[in-house]
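Asks: Contents of data-v3.txt (compact mmCIF, C-alpha atoms and all ligand atoms):
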```txt
# COMPACT_ATOMS: atom_id res chain seq x y z
CA MET A 3 0.00 0.00 0.00
CA PRO A 4 1.43 3.45 -0.80
CA ASP A 5 2.63 5.53 2.13
CA THR A 6 -0.22 7.98 2.32
CA PRO A 7 0.62 11.26 4.09
CA PHE A 8 -3.00 11.86 5.14
CA ALA A 9 -3.05 8.64 7.21
CA PRO A 10 -0.07 8.55 9.54
CA VAL A 11 1.06 5.26 11.02
CA ILE A 12 0.01 5.11 14.69
CA LEU A 13 2.82 5.38 17.21
CA GLY A 14 2.56 5.13 21.00
CA ASN A 15 4.46 8.28 21.88
CA GLU A 16 1.61 10.72 22.45
CA THR A 17 0.95 10.99 26.18
CA GLY A 18 -2.76 10.68 26.89
CA SER A 19 -3.49 8.72 23.71
CA PHE A 20 -4.94 5.20 23.76
CA PRO A 21 -1.79 3.62 22.25
CA HIS A 22 0.39 5.34 24.84
CA SER A 23 -1.79 3.98 27.65
CA VAL A 24 -1.43 0.44 26.28
CA LEU A 25 2.37 0.67 26.35
CA ALA A 26 2.66 2.58 29.63
CA GLU A 27 -0.13 0.94 31.66
CA ARG A 28 -1.62 -2.14 30.00
CA HIS A 29 1.64 -3.95 29.33
CA PRO A 30 2.95 -3.52 32.91
CA ALA A 31 -0.44 -4.75 34.19
CA ILE A 32 -0.21 -7.84 31.97
CA ILE A 33 3.26 -8.61 33.37
CA GLN A 34 1.83 -8.40 36.88
CA GLN A 35 -1.16 -10.63 36.03
CA VAL A 36 1.07 -13.30 34.54
CA ARG A 37 3.45 -13.16 37.54
CA ASP A 38 0.51 -13.63 39.88
CA ALA A 39 -1.03 -16.48 37.91
CA PHE A 40 2.00 -18.81 37.79
CA PRO A 41 4.49 -20.20 40.31
CA TYR A 42 7.41 -18.91 38.28
CA GLY A 43 10.93 -19.29 39.66
CA PRO A 44 13.51 -16.59 40.37
CA GLY A 45 14.92 -16.64 36.83
CA GLN A 46 11.55 -16.05 35.22
CA ARG A 47 10.68 -13.32 37.76
CA ARG A 48 13.98 -11.57 37.07
CA GLU A 49 13.31 -11.73 33.33
CA LEU A 50 9.84 -10.29 33.86
CA ASP A 51 11.35 -7.42 35.87
CA GLU A 52 13.78 -6.79 33.05
CA LEU A 53 10.97 -6.80 30.52
CA LEU A 54 9.02 -4.31 32.64
CA ALA A 55 11.99 -1.94 32.69
CA SER A 56 12.62 -2.39 28.99
CA CYS A 57 9.06 -1.85 27.82
CA THR A 58 8.44 1.22 29.97
CA GLU A 59 11.79 3.00 29.89
CA GLY A 60 14.16 1.05 27.69
CA THR A 61 14.83 0.42 24.05
CA ILE A 62 14.26 -2.47 21.67
CA GLU A 63 17.02 -5.03 21.96
CA PRO A 64 18.15 -7.66 19.46
CA LEU A 65 17.03 -11.28 19.78
CA PRO A 66 19.64 -13.86 20.82
CA ALA A 67 21.49 -15.44 17.90
CA ASP A 68 19.91 -18.84 18.65
CA ALA A 69 16.29 -17.61 18.89
CA PRO A 70 14.22 -19.96 16.72
CA ASP A 71 12.35 -17.09 15.10
CA ARG A 72 15.29 -14.70 14.75
CA ASP A 73 15.19 -14.76 10.96
CA LEU A 74 11.49 -13.95 10.97
CA TRP A 75 11.99 -10.92 13.21
CA GLN A 76 15.01 -9.79 11.21
CA GLY A 77 12.67 -9.71 8.22
CA TRP A 78 9.90 -8.03 10.20
CA GLY A 79 11.91 -4.88 10.94
CA LEU A 80 13.92 -5.71 14.08
CA PRO A 81 17.25 -4.39 12.70
CA ALA A 82 15.67 -1.03 11.87
CA TYR A 83 14.05 -0.63 15.30
CA THR A 84 16.82 -1.98 17.54
CA GLY A 85 17.99 0.72 19.95
CA ARG A 86 14.84 2.81 19.61
CA SER A 87 12.29 3.51 22.33
CA TRP A 88 9.24 1.22 22.31
CA TYR A 89 7.16 4.39 22.06
CA ASP A 90 8.77 5.71 18.89
CA VAL A 91 8.25 2.74 16.56
CA PRO A 92 4.88 1.75 15.04
CA TRP A 93 2.53 0.87 17.87
CA LEU A 94 1.51 -2.36 16.16
CA TRP A 95 5.17 -3.36 16.08
CA SER A 96 5.85 -2.54 19.78
CA GLU A 97 2.78 -4.43 20.93
CA SER A 98 3.77 -7.57 19.03
CA TRP A 99 7.32 -7.22 20.30
CA PHE A 100 5.99 -7.06 23.86
CA TYR A 101 4.24 -10.43 23.52
CA ARG A 102 7.30 -11.99 21.89
CA ARG A 103 9.51 -10.79 24.75
CA LEU A 104 7.01 -11.91 27.36
CA LEU A 105 7.11 -15.45 25.96
CA ASP A 106 10.89 -15.39 26.28
CA ALA A 107 10.73 -14.14 29.87
CA VAL A 108 8.48 -16.96 31.08
CA GLY A 109 10.42 -19.69 29.28
CA TYR A 110 7.76 -20.42 26.65
CA VAL A 111 10.25 -20.22 23.82
CA GLY A 112 12.54 -22.67 25.59
CA PRO A 113 14.33 -24.96 25.67
CA GLY A 114 13.44 -26.04 29.21
CA ALA A 115 10.60 -27.33 31.36
CA TRP A 116 8.44 -24.25 30.76
CA GLN A 117 8.68 -24.46 27.00
CA GLY A 118 5.22 -24.22 25.46
CA ILE A 119 3.39 -23.35 28.70
CA ASP A 120 0.89 -20.66 27.68
CA PRO A 121 1.13 -17.77 30.20
CA PHE A 122 -2.42 -16.71 29.34
CA ARG A 123 -4.07 -20.12 29.65
CA PRO A 124 -5.63 -19.54 33.11
CA PHE A 125 -7.44 -16.44 31.83
CA LYS A 126 -8.68 -18.16 28.69
CA ARG A 127 -9.87 -21.21 30.63
CA ALA A 128 -11.71 -19.06 33.16
CA GLU A 129 -13.64 -17.40 30.38
CA LEU A 130 -14.53 -20.66 28.71
CA ASP A 131 -15.66 -22.15 32.03
CA ALA A 132 -17.67 -19.06 33.08
CA PRO A 133 -21.41 -19.57 33.74
CA GLU A 134 -22.10 -16.87 31.12
CA THR A 135 -20.82 -19.28 28.50
CA ASP A 136 -23.46 -21.82 29.57
CA ALA A 137 -26.17 -19.21 29.18
CA GLU A 138 -24.90 -18.20 25.77
CA LEU A 139 -24.76 -21.79 24.57
CA ALA A 140 -28.25 -22.43 25.89
CA ALA A 141 -29.45 -19.53 23.70
CA LEU A 142 -28.59 -21.71 20.70
CA ASP A 143 -31.64 -23.85 21.47
CA ASP A 144 -33.85 -20.84 20.65
CA LEU A 145 -32.35 -20.56 17.18
CA ALA A 146 -33.31 -24.10 16.20
CA GLY A 147 -36.79 -23.25 14.91
CA LEU A 148 -35.83 -20.19 12.90
CA PRO A 149 -35.51 -20.04 9.10
CA GLU A 150 -31.95 -20.65 7.90
CA GLU A 151 -31.34 -17.01 6.91
CA GLU A 152 -32.25 -15.79 10.38
CA ARG A 153 -30.11 -18.42 12.06
CA ALA A 154 -27.19 -17.51 9.82
CA ARG A 155 -27.58 -13.83 10.64
CA ALA A 156 -27.90 -14.49 14.37
CA LEU A 157 -24.74 -16.58 14.32
CA LEU A 158 -22.92 -13.91 12.33
CA HIS A 159 -23.89 -11.35 14.97
CA GLY A 160 -22.89 -13.76 17.73
CA SER A 161 -19.45 -14.02 16.16
CA LEU A 162 -19.29 -10.24 15.69
CA TRP A 163 -20.26 -9.32 19.24
CA GLY A 164 -18.24 -12.22 20.60
CA ASN A 165 -15.31 -9.94 19.83
CA ARG A 166 -16.51 -7.94 22.83
CA ALA A 167 -16.79 -11.23 24.74
CA ASP A 168 -20.52 -10.79 24.48
CA LEU A 169 -22.31 -13.58 22.75
CA GLY A 170 -25.72 -11.94 22.66
CA PHE A 171 -27.10 -13.38 19.46
CA ARG A 172 -28.54 -10.16 18.10
CA LEU A 173 -31.04 -10.98 15.46
CA SER A 174 -30.85 -7.59 13.79
CA ALA A 175 -28.92 -4.39 13.89
CA GLU A 176 -32.02 -2.25 13.45
CA SER A 177 -33.18 -2.55 17.03
CA ALA A 178 -29.83 -1.31 18.29
CA GLU A 179 -29.93 1.59 15.85
CA LYS A 180 -33.35 2.66 17.05
CA ARG A 181 -32.24 2.60 20.66
CA ASP A 182 -29.06 4.66 20.45
CA PRO A 183 -28.44 8.13 19.10
CA ALA A 184 -25.29 6.73 17.50
CA PRO A 185 -25.67 3.30 15.88
CA ALA A 186 -24.22 0.23 17.61
CA LEU A 187 -23.46 -1.23 14.19
CA VAL A 188 -21.61 1.54 12.38
CA ALA A 189 -21.35 -0.31 9.05
CA ASP A 190 -23.36 -3.36 8.02
CA ASP A 191 -22.38 -5.25 4.86
CA GLY A 192 -24.06 -8.39 6.19
CA ASP A 193 -26.10 -8.87 3.00
CA ALA A 194 -22.98 -8.63 0.84
CA LEU A 195 -21.27 -11.16 3.09
CA PHE A 196 -24.03 -13.73 2.75
CA ALA A 197 -24.27 -13.06 -1.00
CA LEU A 198 -20.71 -14.42 -1.20
CA LEU A 199 -21.77 -17.54 0.68
CA PRO A 200 -24.96 -18.84 -1.03
CA ARG A 201 -26.40 -22.18 0.05
CA THR A 202 -25.09 -23.76 -3.13
CA GLY A 203 -21.56 -22.84 -2.06
CA ALA A 204 -18.74 -24.96 -3.35
CA GLY A 205 -15.99 -22.67 -2.12
CA THR A 206 -13.72 -22.20 0.85
CA LEU A 207 -14.27 -19.84 3.75
CA VAL A 208 -11.10 -18.68 5.49
CA LEU A 209 -11.75 -17.32 8.96
CA VAL A 210 -8.83 -15.50 10.55
CA ALA A 211 -9.64 -15.90 14.23
CA ASP A 212 -9.02 -13.45 17.03
CA ASN A 213 -9.70 -14.31 20.66
CA ALA A 214 -10.16 -17.68 22.33
CA GLY A 215 -12.99 -18.48 24.75
CA ARG A 216 -16.16 -16.51 24.30
CA GLU A 217 -15.16 -15.20 20.89
CA LEU A 218 -13.84 -18.44 19.42
CA VAL A 219 -16.94 -20.40 20.47
CA PRO A 220 -19.32 -18.31 18.31
CA ASP A 221 -16.74 -18.28 15.50
CA LEU A 222 -16.85 -22.08 15.54
CA LEU A 223 -20.65 -22.05 15.65
CA LEU A 224 -20.71 -19.81 12.57
CA ILE A 225 -18.32 -22.11 10.72
CA ALA A 226 -20.41 -25.14 11.68
CA HIS A 227 -23.54 -23.50 10.35
CA LEU A 228 -21.96 -22.43 7.06
CA LEU A 229 -20.57 -25.92 6.45
CA ASP A 230 -23.70 -27.71 7.54
CA GLN A 231 -25.97 -25.54 5.41
CA GLY A 232 -23.80 -25.82 2.31
CA ARG A 233 -22.81 -22.14 2.30
CA ALA A 234 -19.18 -23.27 2.25
CA ALA A 235 -17.77 -26.60 1.14
CA ARG A 236 -14.60 -26.15 3.15
CA ALA A 237 -13.35 -23.86 5.88
CA VAL A 238 -9.90 -22.96 7.10
CA LEU A 239 -9.52 -21.52 10.57
CA HIS A 240 -6.37 -19.45 11.03
CA VAL A 241 -5.19 -19.23 14.63
CA LYS A 242 -1.99 -17.92 16.23
CA PRO A 243 1.10 -20.13 16.29
CA HIS A 244 1.82 -18.99 19.85
CA PRO A 245 0.12 -17.09 22.70
CA TYR A 246 -0.40 -13.44 21.74
CA TYR A 247 -2.32 -10.34 22.90
CA VAL A 248 -3.38 -12.28 26.00
CA SER A 249 -6.50 -13.93 24.67
CA ASP A 250 -5.70 -14.71 21.02
CA ALA A 251 -6.66 -18.22 20.00
CA THR A 252 -4.10 -20.96 19.40
CA THR A 253 -4.72 -24.55 18.29
CA ALA A 254 -4.88 -25.64 21.95
CA ASP A 255 -7.66 -23.10 22.48
CA VAL A 256 -9.58 -24.52 19.51
CA VAL A 257 -9.40 -27.96 21.12
CA ASP A 258 -10.58 -26.55 24.47
CA ALA A 259 -13.48 -24.71 22.82
CA LEU A 260 -14.55 -27.78 20.85
CA ARG A 261 -14.46 -29.97 23.94
CA ARG A 262 -16.50 -27.34 25.80
CA LEU A 263 -19.09 -27.34 23.01
CA ARG A 264 -19.19 -31.12 22.83
CA ALA A 265 -19.88 -31.39 26.55
CA ALA A 266 -22.71 -28.81 26.49
CA PRO A 267 -26.36 -29.84 26.58
CA GLY A 268 -28.86 -29.09 23.83
CA ALA A 269 -28.14 -27.74 20.38
CA ALA A 270 -24.53 -26.80 21.18
CA ALA A 271 -23.38 -30.42 21.08
CA GLY A 272 -24.89 -30.79 17.60
CA TYR A 273 -22.67 -27.96 16.35
CA ALA A 274 -19.70 -29.71 17.97
CA ARG A 275 -20.54 -32.91 16.06
CA VAL A 276 -20.58 -31.01 12.76
CA LEU A 277 -17.19 -29.46 13.51
CA TRP A 278 -15.65 -32.69 14.78
CA ALA A 279 -16.74 -34.53 11.62
CA ALA A 280 -15.52 -31.73 9.36
CA LEU A 281 -12.11 -31.76 11.04
CA ALA A 282 -11.98 -35.53 10.74
CA ASP A 283 -12.69 -35.58 7.00
CA GLY A 284 -10.67 -32.47 6.15
CA ARG A 285 -13.47 -30.05 5.28
CA LEU A 286 -12.31 -27.94 8.21
CA THR A 287 -8.63 -27.37 8.81
CA VAL A 288 -6.75 -25.32 11.37
CA ARG A 289 -3.72 -23.29 10.30
CA ALA A 290 -1.16 -21.51 12.46
CA HIS A 291 0.88 -19.43 10.02
CA PRO A 292 3.85 -17.47 11.47
CA PHE A 293 2.58 -14.27 9.82
CA SER A 294 -0.51 -14.43 12.06
CA CYS A 295 1.75 -13.11 14.85
CA ALA A 296 3.72 -10.71 12.65
CA PRO A 297 3.95 -7.05 13.72
CA LEU A 298 2.97 -5.95 10.23
CA PRO A 299 -0.11 -5.12 8.21
CA TYR A 300 -1.59 -7.78 5.95
CA ALA A 301 -0.50 -5.70 2.94
CA ASP A 302 2.95 -7.18 3.68
CA MET A 303 1.80 -10.80 3.81
CA PRO A 304 4.10 -13.46 2.35
CA ASP A 305 3.34 -15.13 -0.97
CA ASP A 306 2.12 -18.44 0.46
CA LEU A 307 -0.50 -16.72 2.60
CA ARG A 308 -1.50 -14.45 -0.26
CA ALA A 309 -2.04 -17.55 -2.43
CA GLU A 310 -4.18 -19.12 0.28
CA PHE A 311 -6.38 -16.03 0.62
CA ALA A 312 -6.55 -15.73 -3.17
CA ALA A 313 -8.03 -19.23 -3.43
CA ALA A 314 -10.76 -18.53 -0.85
CA THR A 315 -14.31 -17.52 -1.66
CA LEU A 316 -14.09 -15.16 1.28
CA THR A 317 -11.47 -14.38 3.90
CA LEU A 318 -13.11 -13.19 7.09
CA PHE A 319 -10.96 -11.24 9.55
CA LYS A 320 -12.14 -11.23 13.14
CA GLY A 321 -11.51 -8.60 15.76
CA ASP A 322 -9.78 -5.32 16.33
CA LEU A 323 -6.17 -6.32 15.89
CA ASN A 324 -6.86 -8.14 12.62
CA TYR A 325 -8.76 -5.05 11.45
CA ARG A 326 -5.78 -2.85 12.23
CA ARG A 327 -3.59 -5.20 10.23
CA LEU A 328 -6.10 -5.54 7.40
CA VAL A 329 -6.56 -1.82 6.72
CA GLY A 330 -3.19 -0.67 8.04
CA ASP A 331 -2.67 0.70 11.56
CA ARG A 332 -3.13 4.31 10.53
CA LEU A 333 -5.26 7.27 11.44
CA TRP A 334 -7.42 7.09 8.35
CA PRO A 335 -10.19 9.63 7.92
CA PRO A 336 -13.19 7.48 9.01
CA THR A 337 -14.91 7.89 5.62
CA THR A 338 -11.94 6.41 3.71
CA PRO A 339 -13.50 3.57 1.69
CA PHE A 340 -12.86 0.09 3.14
CA THR A 341 -12.50 -1.18 -0.43
CA ALA A 342 -9.66 1.28 -1.02
CA VAL A 343 -7.57 0.34 2.00
CA THR A 344 -8.02 -3.39 1.34
CA GLY A 345 -7.43 -3.07 -2.41
CA TYR A 346 -4.20 -5.08 -2.12
CA ALA A 347 -6.13 -8.19 -0.99
CA PRO A 348 -5.99 -11.07 -3.47
CA GLY A 349 -9.67 -11.97 -3.06
CA PRO A 350 -12.89 -10.97 -1.29
CA VAL A 351 -12.36 -9.95 2.33
CA ALA A 352 -14.67 -9.16 5.22
CA ALA A 353 -14.10 -7.69 8.66
CA LEU A 354 -16.16 -8.47 11.76
CA ARG A 355 -14.96 -6.25 14.54
CA THR A 356 -15.96 -4.30 17.60
CA LEU A 357 -14.20 -0.94 17.72
CA LYS A 358 -11.43 -1.04 20.32
CA SER A 359 -8.73 1.18 18.84
CA ASP A 360 -8.53 4.45 16.90
CA VAL A 361 -8.43 2.88 13.44
CA VAL A 362 -11.60 2.94 11.38
CA THR A 363 -12.56 3.20 7.71
CA GLY A 364 -15.69 2.87 5.60
CA LEU A 365 -18.10 4.99 7.64
CA SER A 366 -20.70 7.14 5.93
CA PRO A 367 -20.31 10.87 6.62
CA ALA A 368 -23.64 10.80 8.51
CA THR A 369 -22.59 7.91 10.75
CA ALA A 370 -19.19 9.46 11.48
CA ALA A 371 -20.87 12.76 12.38
CA ALA A 372 -23.49 11.06 14.60
CA LEU A 373 -20.81 9.17 16.50
CA VAL A 374 -18.75 12.29 17.14
CA ALA A 375 -21.84 14.28 18.14
CA ALA A 376 -22.89 11.62 20.63
CA GLU A 377 -19.53 10.56 22.06
CA GLU A 378 -16.74 12.81 20.78
CA GLN A 379 -13.99 10.24 20.01
CA ARG A 380 -14.86 7.64 22.70
CA TRP A 381 -16.74 5.45 20.21
CA ARG A 382 -13.44 4.49 18.61
CA THR A 383 -12.12 2.56 21.61
CA SER A 384 -15.07 1.77 23.87
CA GLY A 385 -15.92 -1.61 22.33
CA THR A 386 -19.59 -0.69 22.25
CA HIS A 387 -19.76 -0.23 18.48
CA ALA A 388 -19.13 -2.80 15.80
CA LEU A 389 -18.88 -3.16 12.05
CA ILE A 390 -19.37 -5.70 9.29
CA GLN A 391 -17.47 -4.65 6.18
CA VAL A 392 -16.96 -6.48 2.89
CA SER A 393 -14.82 -5.80 -0.13
CA THR A 394 -15.03 -7.95 -3.23
CA SER A 395 -12.56 -6.15 -5.42
CA SER A 396 -9.29 -4.37 -5.59
CA SER A 397 -9.93 -0.64 -6.02
CA SER A 398 -6.86 1.45 -5.32
CA SER A 399 -8.37 4.28 -7.40
CA ASP A 400 -10.81 4.91 -4.49
CA LEU A 401 -7.82 5.79 -2.33
CA GLU A 402 -6.27 8.04 -4.93
CA SER A 403 -9.49 10.05 -5.20
CA GLN A 404 -9.55 10.79 -1.46
O1 LIG B 1 -8.08 -7.98 18.49
P1 LIG B 1 -8.97 -7.69 19.64
O2 LIG B 1 -8.91 -8.73 20.67
O3 LIG B 1 -10.35 -7.38 19.21
O4 LIG B 1 -8.44 -6.38 20.30
C1 LIG B 1 -7.13 -6.29 20.68
C2 LIG B 1 -6.85 -4.90 21.13
O5 LIG B 1 -8.02 -4.22 21.49
O6 LIG B 1 -6.05 -4.92 22.21
C3 LIG B 1 -5.15 -3.89 22.00
C4 LIG B 1 -4.64 -3.29 23.18
O7 LIG B 1 -3.55 -4.10 23.51
C5 LIG B 1 -5.80 -3.04 21.02
O8 LIG B 1 -5.09 -2.16 20.50
C6 LIG B 1 -6.11 -4.11 20.13
O9 LIG B 1 -6.50 -3.79 18.94
```
The structure given in the file should be rewritten as structure tokens.

Replies:
Amino acid sequence: MPDTPFAPVILGNETGSFPHSVLAERHPAIIQQVRDAFPYGPGQRRELDELLASCTEGTIEPLPADAPDRDLWQGWGLPAYTGRSWYDVPWLWSESWFYRRLLDAVGYVGPGAWQGIDPFRPFKRAELDAPETDAELAALDDLAGLPEEERARALLHGSLWGNRADLGFRLSAESAEKRDPAPALVADDGDALFALLPRTGAGTLVLVADNAGRELVPDLLLIAHLLDQGRAARAVLHVKPHPYYVSDATTADVVDALRRLRAAPGAAAGYARVLWAALADGRLTVRAHPFSCAPLPYADMPDDLRAEFAAATLTLFKGDLNYRRLVGDRLWPPTTPFTAVTGYAPGPVAALRTLKSDVVTGLSPATAAALVAAEEQRWRTSGTHALIQVSTSSSSSDLESQ
């Protein structure tokens, strides 16, 4: 994507900004939570202290020569950023670097006895085991009698709002719009999304997952429905190759979520059976590509991933972080067309996301104005608004005409 002067890359160095608060407050809090959740030894605690000092006051340091992913990070910009403050490099990059360093500190990267022990697992498990999850799964029973289109839309909205860890299966956006001065759903390309997935579908849906637990469960339910109803012949679920952004889903989290579904009463277990069978016969596959944890926008994706997305009927990106990577982590004017900023994509793409960071595109002038009038800029990060956006074509000319 061209470097567009009207949409600066977001950094974390502006005191009082949301990105600054993530680096200065959220990351130290995450270190503390992880320390409290595990019986780590003195070496790990020392490393966590060092990470705390580095991420708040220090600079970016090189990876050890024997780090298994050193070559990846060398290619992802580490040489250019080494020696610079965490606040002065792209915020997306510093955040990813934080999680990479955290995994080192707790021994996840190994070798050693703590290799592969997910420091966020207790938090993910707690969410999956929460009574709210039972209530949300029980709500599936109410969908059973509905026409297929309504079930599909309810499951789409469950997956969308699951990004806020809220599985309320909203049957329509209209009711929310009537209630609030500023719409809860700030863009709704739901019809365009389902038009790409007709019930005669012979294609592949790629779903690029975000969080585990109460977001991954409705993502899996949506996939089950689309496969079961013939809206997709195959599905590929992209998860993270290692723990990331606290709650991001890994393959282990997929297994936990499936087992949770399978053990649930009522309709939920039926969805689990569909998914289990699809995994067994290869109609559903799980992928953990290294680029899923890259500190870069999807415009920079490697050729093998580009080819995979190109072959899909639709690639569906879940959540806020994936949205930032899909459109570029920049301060776009909110009315910048979504089709323009995703014009590099090799095939149709969709975003399902609740708004939890400053980045947004594709709003109508009226919606953008209503949001600002009602909430100033709080709507960008509060997680109370969401969007469904679809682009079926490459259209860089839209960007040029901005
Ligand atoms: O991708 P998610 O789970 O929807 O949201 C992740 C996220 O909200 O957490 C960050 C703060 O660390 C935000 O900047 C980021 O986009």

Asks: Quick one, how far is CA of Gly77 in chain A from CA of Thr338 in chain A?

Replies: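 Interatomic distance, CA of Gly77 in chain A to CA of Thr338 in chain A: 29.8 Å.
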
Asks: Hey, what's within 10 Å of Leu158 in chain A if we count only C-alpha atoms and toss same-chain stuff fewer than 5 positions away? As a PyMOL selection string, please?

Replies: chain A and resi 152-153+163-164+171-173+192+195-196+220-221+223-225+227+354+390

Asks: At a cut-off of 8 Å, can you tabulate as JSON lines every residue of range 111-223 of chain A near range 33-45 of chain A together with its closest atom pair and the distance in Å to one decimal, using all atoms listed in the file and ordering rows by chain then number?

Replies:
```
{"residue": "A:Pro121", "atom": "CA", "partner": "A:Val36", "partner_atom": "CA", "distance": 6.2}
{"residue": "A:Phe122", "atom": "CA", "partner": "A:Val36", "partner_atom": "CA", "distance": 7.1}
{"residue": "A:Pro124", "atom": "CA", "partner": "A:Ala39", "partner_atom": "CA", "distance": 7.3}
```

Asks: With ligand LIG 1 (chain B) as the partner and 8 Å as the cut-off, tabulate the residues of chain A that qualify, each row holding the nearest pair of atoms and their distance in Å to one decimal, using only C-alpha atoms and all ligand atoms, sorted by chain and rising number, as a Markdown table.

Replies:
```
| residue | atom | partner | partner_atom | distance |
| --- | --- | --- | --- | --- |
| A:Pro21 | CA | B:LIG1 | O8 | 6.9 |
| A:Val24 | CA | B:LIG1 | O7 | 5.7 |
| A:Arg28 | CA | B:LIG1 | O7 | 7.0 |
| A:His29 | CA | B:LIG1 | O7 | 7.8 |
| A:Leu94 | CA | B:LIG1 | O8 | 7.9 |
| A:Glu97 | CA | B:LIG1 | O7 | 6.8 |
| A:Asn165 | CA | B:LIG1 | O3 | 5.6 |
| A:Arg166 | CA | B:LIG1 | O3 | 7.2 |
| A:Asp212 | CA | B:LIG1 | O1 | 5.7 |
| A:Asn213 | CA | B:LIG1 | O2 | 5.6 |
| A:Tyr247 | CA | B:LIG1 | O7 | 6.4 |
| A:Ser249 | CA | B:LIG1 | O2 | 7.0 |
| A:Asp250 | CA | B:LIG1 | O2 | 6.8 |
| A:Lys320 | CA | B:LIG1 | O3 | 7.4 |
| A:Gly321 | CA | B:LIG1 | O3 | 3.8 |
| A:Asp322 | CA | B:LIG1 | O3 | 3.6 |
| A:Leu323 | CA | B:LIG1 | O1 | 3.6 |
| A:Asn324 | CA | B:LIG1 | O1 | 6.0 |
| A:Tyr325 | CA | B:LIG1 | O1 | 7.7 |
| A:Arg326 | CA | B:LIG1 | O9 | 6.8 |
| A:Arg355 | CA | B:LIG1 | O3 | 6.7 |
| A:Thr356 | CA | B:LIG1 | O3 | 6.6 |
| A:Leu357 | CA | B:LIG1 | O3 | 7.6 |
| A:Lys358 | CA | B:LIG1 | O5 | 4.8 |
| A:Ser359 | CA | B:LIG1 | O8 | 5.2 |
| A:Thr383 | CA | B:LIG1 | O5 | 7.9 |
```

Asks: Provide the CA of His291 in chain A to CA of Val343 in chain A distance in Å, to one decimal place.

Replies: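 Straight-line distance from CA of His291 in chain A to CA of Val343 in chain A works out to 22.9 Å.
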
Asks: With range 251-265 of chain A as the partner and 7 Å as the cut-off, tabulate the residues of range 138-243 of chain A that qualify, each row holding the nearest pair of atoms and their distance in Å to one decimal, using all atoms listed in the file, sorted by chain and rising number, as a Markdown table.

Replies:
```
| residue | atom | partner | partner_atom | distance |
| --- | --- | --- | --- | --- |
| A:Ala211 | CA | A:Ala251 | CA | 6.9 |
| A:Asp212 | CA | A:Ala251 | CA | 6.1 |
| A:Asn213 | CA | A:Ala251 | CA | 5.0 |
| A:Ala214 | CA | A:Ala251 | CA | 4.2 |
| A:Gly215 | CA | A:Ala259 | CA | 6.5 |
| A:Val219 | CA | A:Ala259 | CA | 6.0 |
| A:Val241 | CA | A:Thr252 | CA | 5.2 |
| A:Lys242 | CA | A:Thr252 | CA | 4.9 |
| A:Pro243 | CA | A:Thr252 | CA | 6.1 |
```

Asks: How about saving the chosen residues, C-alpha atoms kept, as an mmCIF file, in the coordinates of the input?

Replies:
```cif
data_model
loop_
_atom_site.group_PDB
_atom_site.id
_atom_site.type_symbol
_atom_site.label_atom_id
_atom_site.label_comp_id
_atom_site.auth_asym_id
_atom_site.auth_seq_id
_atom_site.Cartn_x
_atom_site.Cartn_y
_atom_site.Cartn_z
ATOM 1 C CA ALA A 211 -9.640 -15.900 14.230
ATOM 2 C CA ASP A 212 -9.020 -13.450 17.030
ATOM 3 C CA ASN A 213 -9.700 -14.310 20.660
ATOM 4 C CA ALA A 214 -10.160 -17.680 22.330
ATOM 5 C CA GLY A 215 -12.990 -18.480 24.750
ATOM 6 C CA VAL A 219 -16.940 -20.400 20.470
ATOM 7 C CA VAL A 241 -5.190 -19.230 14.630
ATOM 8 C CA LYS A 242 -1.990 -17.920 16.230
ATOM 9 C CA PRO A 243 1.100 -20.130 16.290
#
```

Asks: Ranking A:Leu65, A:Leu229, A:Val374, A:Ala189 by minimum distance to Leu207 in chain A and counting all atoms listed in the file, which one comes first?

Replies: A:Leu229

Asks: Which residues, written as a list in words, have at least one atom at most 10 Å from Asp120 in chain A, with only C-alpha atoms counted and residues fewer than 2 positions away on the same chain left out?

Replies: Leu105, Val108, Gly109, Tyr110, Trp116, Gln117, Gly118, Phe122, Arg123, Pro124, Lys126, His244, Pro245, Tyr246, Val248, Thr252 and Ala254 of chain A

Asks: Please check which residues have atoms at most 6 Å from (-19.2, -23.5, 1.0) in the file's coordinates, counting all atoms listed in the file, and write them as a VMD selection string.

Replies: chain A and resid 203 to 206 232 to 236

Asks: Just give me the gap between CA of Leu104 in chain A and CA of Ala55 in chain A in Å, one decimal is fine.

Replies: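 Value for the CA of Leu104 in chain A-CA of Ala55 in chain A distance: 12.4 Å.
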
Asks: In the coordinates of the file, take the point (0.8, -5.4, 10.8) and a cut-off of 12 Å; then, counting all atoms listed in the file, name each qualifying protein, DNA or RNA residue as a VMD selection string.

Replies: chain A and resid 11 to 12 78 to 79 92 to 99 293 to 303 322 to 332

Asks: Pick from A:Pro339, A:Gly284, A:Gly60, A:Pro133: nearest to Tyr89 in chain A, with all atoms listed in the file counted?

Replies: A:Gly60
